[in-house]
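Undergrad: Would you mind keeping the following structure in view while I ask a few things?
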Amino acid sequence: MAEIIDGKGLAEKIKQDLCVRATEFEKKSGRKVGLAVIRVGNDPASAVYVSNKIKACERCNIRSFSFCFDEATSQSALIDLVHKLNKDPDVDGILVQLPLPKHIDERAVLSEILPQKDADGFHAVNAGKLFLGEKGGAVACTPRGIIELIKSTGVSISGKHAVVVGRSNIVGKPVAALLLQNDATVTVCHSRTQNLKEITSLADILVVAVGKSNFITADMVKPGAVVIDVGMNRGADGLCGDVDFNGVKEVAGYITPVPGGVGPMTVAMLLCNTVDGANNE
């Protein structure tokens, strides 16, 4: 039976430390750390995510600036706001809640955020620093949180075979890079991978981010493996991950639940990136 990795509990510990750091920054600078959150449209899930991030800011002594745009807002209007926030000395981090409406080019908007204010870690400059192993860039929040979750188990990443299922720019690719930096041997699988089960069954560390409910089953997991489920899928029975939790927990050594695993850590890492940016770390 796997040990459940408590992402919510770990995130709370990190937020407590962030509150101390944010308060120290305020005493030193005379202002609060500031995070600007931009949302476009009325997507219910996005509204909940933004609300959660603003509440987390309040708890960590971080000032939040919230901007909500109508669905029909133009790309140029969004970029104008980003430019304004880039110049605002009270703003240390900028987050554009995704997805954006189809008429707006996400990459075009995100690329206008100054790399040092890129709270999500999506800017090409920060992604480049990650893949080159350079310090000083914001790391994508979910991958950064995943590494912390793995380390919290006490299992050393160094020398382990890590398999990442999914190759997105937001999770799959950056988490593979972080695992490499931590000296794992990394295999990245995707929709064109053949013999997926054979590969995942070899993983000491298995990270799954494909957006398909219960995609990974118990027979695809190595006994004792650390399994990180990034999926957040809504089904008839509520939220579920990309991993068949009930089946896989009987085989794995450690596993993240959905919800309560990766999600809370993503928000915590967003705040970490913002505080790091304020301190130019």
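By order of appearance in the structure tokens: chains A, B, ..., then residues from 1 within every chain, and ligands from 1 in the order shown.
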Can you pull out the residues contacting Val210 (chain A)? Cut-off 7 Å, using only C-alpha atoms, and skip same-chain residues under 2 positions away; I want them as number ranges by chain.

TA: A: 165-166, 208, 212, 231, 242

Undergrad: Can you write out as CSV which residues of region 40-61 of chain A fall within 7 Å of region 68-91 of chain A, alongside each residue's closest atom pair and its distance in Å to one decimal, counting only C-alpha atoms and ordering rows by chain and ascending residue number?

TA:
```
residue,atom,partner,partner_atom,distance
A:Val40,CA,A:Phe69,CA,4.6
A:Gly41,CA,A:Glu71,CA,3.9
A:Asn42,CA,A:Glu71,CA,6.9
```

Undergrad: Could you turn the residues from that selection into a file that holds N, CA, C and O atoms, as a tab-separated table (two decimals), in the first residue's frame?

TA:
```tsv
chain	number	residue	atom	x	y	z
A	40	VAL	N	-9.13	36.65	-18.39
A	40	VAL	CA	-9.95	37.08	-19.52
A	40	VAL	C	-11.10	36.10	-19.70
A	40	VAL	O	-10.89	34.89	-19.80
A	41	GLY	N	-12.33	36.62	-19.75
A	41	GLY	CA	-13.48	35.75	-19.96
A	41	GLY	C	-14.11	35.28	-18.66
A	41	GLY	O	-13.70	35.68	-17.57
A	42	ASN	N	-15.09	34.39	-18.79
A	42	ASN	CA	-15.88	33.95	-17.64
A	42	ASN	C	-15.81	32.45	-17.39
A	42	ASN	O	-16.76	31.85	-16.90
```

Undergrad: As a VMD selection string, please: the residues near His123 (chain A) (cut-off 7 Å, only C-alpha atoms, same-chain neighbours under 6 positions excluded).

TA: chain A and resid 110 to 111 115

Undergrad: Within 12 Å of region 174-193 of chain A, which residues of region 22-128 of chain A come that close, and what is the closest atom pair and distance in Å for each? Count only C-alpha atoms and give it as a tab-separated table.

TA:
```
residue	atom	partner	partner_atom	distance
A:Gly121	CA	A:Pro174	CA	9.9
A:Phe122	CA	A:Pro174	CA	9.8
A:Ala124	CA	A:Pro174	CA	11.8
A:Asn126	CA	A:Pro174	CA	10.6
A:Ala127	CA	A:Pro174	CA	7.6
A:Gly128	CA	A:Pro174	CA	10.0
```

Undergrad: Where does DSSP see alpha helix (DSSP H) in region 65-271 of chain A, if you list the residues as a PyMOL selection string?

TA: chain A and resi 75-87+106-110+124-132+141-152+172-181+196-200+245-248+262-271

Undergrad: Could you pull out the strand (DSSP E or B) residues of region 44-82 of chain A from DSSP and send them as a ChimeraX atom specification?

TA: /A:62-69

Undergrad: For Asn246 (chain A), work out the shell of residues within 12 Å, counting only C-alpha atoms and skipping chain neighbours fewer than 4 positions away, then give it as an MDAnalysis selection string.

TA: chainID A and resid 1:2 4 214 216:218 240:242 250:252 255:258

Undergrad: Looking at A:Val267, A:Ile5, A:Leu196, A:Ala56, which one is nearest to Gly154 (chain A), with distances taken over only C-alpha atoms?

TA: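 Among the listed residues, A:Ile5 lies closest to Gly154 (chain A).
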
Undergrad: Sorted by chain and rising residue number, list the residues of region 63-114 of chain A at most 12 Å from region 131-149 of chain A (counting only C-alpha atoms), each with its closest atom pair and distance in Å to one decimal, as JSON lines.

TA:
```
{"residue": "A:Asp92", "atom": "CA", "partner": "A:Ala138", "partner_atom": "CA", "distance": 11.9}
{"residue": "A:Gly93", "atom": "CA", "partner": "A:Ala138", "partner_atom": "CA", "distance": 10.1}
{"residue": "A:Ile94", "atom": "CA", "partner": "A:Ala138", "partner_atom": "CA", "distance": 11.6}
{"residue": "A:Leu95", "atom": "CA", "partner": "A:Cys141", "partner_atom": "CA", "distance": 11.2}
{"residue": "A:Leu114", "atom": "CA", "partner": "A:Ala138", "partner_atom": "CA", "distance": 11.1}
```

Undergrad: Produce a file of the selected residues containing C-alpha atoms, as a PDB file, in the first residue's frame.

TA:
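Once everything was written out, this is part-v2.pdb:
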```pdb
ATOM      1  CA  ASP A  92       6.995  41.795  -8.700  1.00  0.00           C
ATOM      2  CA  GLY A  93       5.125  39.038 -10.507  1.00  0.00           C
ATOM      3  CA  ILE A  94       2.627  38.899 -13.368  1.00  0.00           C
ATOM      4  CA  LEU A  95       0.323  35.952 -14.008  1.00  0.00           C
ATOM      5  CA  LEU A 114       9.440  40.863 -18.385  1.00  0.00           C
TER       6      LEU A 114
END
```

Undergrad: When you count only C-alpha atoms, which of these residues is closest to Ser152 (chain A): A:Gln16, A:Val226, A:Val50, A:Gly260?

TA: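 Smallest separation from Ser152 (chain A) among the options: A:Val226.
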
Undergrad: Just the number, please: distance in Å from CA of Leu130 (chain A) to CA of Asp276 (chain A), one decimal.

TA: 15.3 Å

Undergrad: Any idea what's packed within 12 Å of Phe25 (chain A), counting only C-alpha atoms, ignoring anything in its chain fewer than 3 positions away? Could you give it as a PyMOL selection string?

TA: chain A and resi 18-22+28-34+60-62+92+274-280

Undergrad: Would you output that residue set with N, CA and C atoms, as a PDB file, in the first residue's frame?

TA:
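Dumped to again.pdb:
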```pdb
ATOM      1  N   LEU A  18       7.035  31.416   3.262  1.00  0.00           N
ATOM      2  CA  LEU A  18       6.878  32.551   2.349  1.00  0.00           C
ATOM      3  C   LEU A  18       6.355  33.778   3.077  1.00  0.00           C
ATOM      4  N   CYS A  19       5.453  33.574   4.022  1.00  0.00           N
ATOM      5  CA  CYS A  19       4.906  34.690   4.794  1.00  0.00           C
ATOM      6  C   CYS A  19       6.014  35.400   5.558  1.00  0.00           C
ATOM      7  N   VAL A  20       6.924  34.617   6.122  1.00  0.00           N
ATOM      8  CA  VAL A  20       8.074  35.197   6.841  1.00  0.00           C
ATOM      9  C   VAL A  20       8.953  35.981   5.868  1.00  0.00           C
ATOM     10  N   ARG A  21       9.230  35.399   4.714  1.00  0.00           N
ATOM     11  CA  ARG A  21      10.080  36.070   3.723  1.00  0.00           C
ATOM     12  C   ARG A  21       9.431  37.337   3.197  1.00  0.00           C
ATOM     13  N   ALA A  22       8.113  37.267   2.947  1.00  0.00           N
ATOM     14  CA  ALA A  22       7.389  38.438   2.434  1.00  0.00           C
ATOM     15  C   ALA A  22       7.375  39.554   3.470  1.00  0.00           C
ATOM     16  N   LYS A  28      12.146  45.602   4.899  1.00  0.00           N
ATOM     17  CA  LYS A  28      13.368  46.082   4.238  1.00  0.00           C
ATOM     18  C   LYS A  28      13.073  47.137   3.179  1.00  0.00           C
ATOM     19  N   SER A  29      11.979  46.940   2.425  1.00  0.00           N
ATOM     20  CA  SER A  29      11.712  47.803   1.265  1.00  0.00           C
ATOM     21  C   SER A  29      10.658  48.874   1.518  1.00  0.00           C
ATOM     22  N   GLY A  30       9.834  48.662   2.534  1.00  0.00           N
ATOM     23  CA  GLY A  30       8.760  49.612   2.804  1.00  0.00           C
ATOM     24  C   GLY A  30       7.510  49.370   1.987  1.00  0.00           C
ATOM     25  N   ARG A  31       7.440  48.242   1.288  1.00  0.00           N
ATOM     26  CA  ARG A  31       6.243  47.880   0.521  1.00  0.00           C
ATOM     27  C   ARG A  31       6.081  46.371   0.528  1.00  0.00           C
ATOM     28  N   LYS A  32       4.882  45.922   0.201  1.00  0.00           N
ATOM     29  CA  LYS A  32       4.625  44.486   0.134  1.00  0.00           C
ATOM     30  C   LYS A  32       5.087  43.908  -1.205  1.00  0.00           C
ATOM     31  N   VAL A  33       5.407  42.646  -1.198  1.00  0.00           N
ATOM     32  CA  VAL A  33       5.590  41.913  -2.455  1.00  0.00           C
ATOM     33  C   VAL A  33       4.270  41.975  -3.211  1.00  0.00           C
ATOM     34  N   GLY A  34       4.326  42.191  -4.540  1.00  0.00           N
ATOM     35  CA  GLY A  34       3.101  42.352  -5.310  1.00  0.00           C
ATOM     36  C   GLY A  34       2.969  41.362  -6.459  1.00  0.00           C
ATOM     37  N   CYS A  60      -0.214  35.032   2.740  1.00  0.00           N
ATOM     38  CA  CYS A  60       1.253  35.086   2.756  1.00  0.00           C
ATOM     39  C   CYS A  60       1.799  36.508   2.778  1.00  0.00           C
ATOM     40  N   ASN A  61       0.939  37.469   3.104  1.00  0.00           N
ATOM     41  CA  ASN A  61       1.342  38.879   3.178  1.00  0.00           C
ATOM     42  C   ASN A  61       1.868  39.389   1.835  1.00  0.00           C
ATOM     43  N   ILE A  62       1.237  38.930   0.766  1.00  0.00           N
ATOM     44  CA  ILE A  62       1.567  39.384  -0.585  1.00  0.00           C
ATOM     45  C   ILE A  62       0.387  40.195  -1.117  1.00  0.00           C
ATOM     46  N   ASP A  92       5.805  42.653  -8.583  1.00  0.00           N
ATOM     47  CA  ASP A  92       6.995  41.795  -8.700  1.00  0.00           C
ATOM     48  C   ASP A  92       6.742  40.570  -9.575  1.00  0.00           C
ATOM     49  N   THR A 274       7.150  34.639  -7.126  1.00  0.00           N
ATOM     50  CA  THR A 274       6.891  36.063  -6.926  1.00  0.00           C
ATOM     51  C   THR A 274       7.800  36.652  -5.857  1.00  0.00           C
ATOM     52  N   VAL A 275       7.940  35.944  -4.744  1.00  0.00           N
ATOM     53  CA  VAL A 275       8.823  36.412  -3.663  1.00  0.00           C
ATOM     54  C   VAL A 275      10.273  36.380  -4.118  1.00  0.00           C
ATOM     55  N   ASP A 276      10.649  35.328  -4.866  1.00  0.00           N
ATOM     56  CA  ASP A 276      12.010  35.264  -5.413  1.00  0.00           C
ATOM     57  C   ASP A 276      12.273  36.459  -6.326  1.00  0.00           C
ATOM     58  N   GLY A 277      11.263  36.790  -7.146  1.00  0.00           N
ATOM     59  CA  GLY A 277      11.410  37.924  -8.065  1.00  0.00           C
ATOM     60  C   GLY A 277      11.587  39.237  -7.317  1.00  0.00           C
ATOM     61  N   ALA A 278      10.844  39.400  -6.227  1.00  0.00           N
ATOM     62  CA  ALA A 278      10.958  40.627  -5.426  1.00  0.00           C
ATOM     63  C   ALA A 278      12.360  40.757  -4.830  1.00  0.00           C
ATOM     64  N   ASN A 279      12.950  39.615  -4.482  1.00  0.00           N
ATOM     65  CA  ASN A 279      14.282  39.611  -3.893  1.00  0.00           C
ATOM     66  C   ASN A 279      15.389  39.422  -4.930  1.00  0.00           C
ATOM     67  N   ASN A 280      14.986  39.419  -6.225  1.00  0.00           N
ATOM     68  CA  ASN A 280      15.941  39.243  -7.335  1.00  0.00           C
ATOM     69  C   ASN A 280      16.766  37.976  -7.181  1.00  0.00           C
TER      70      ASN A 280
END
```
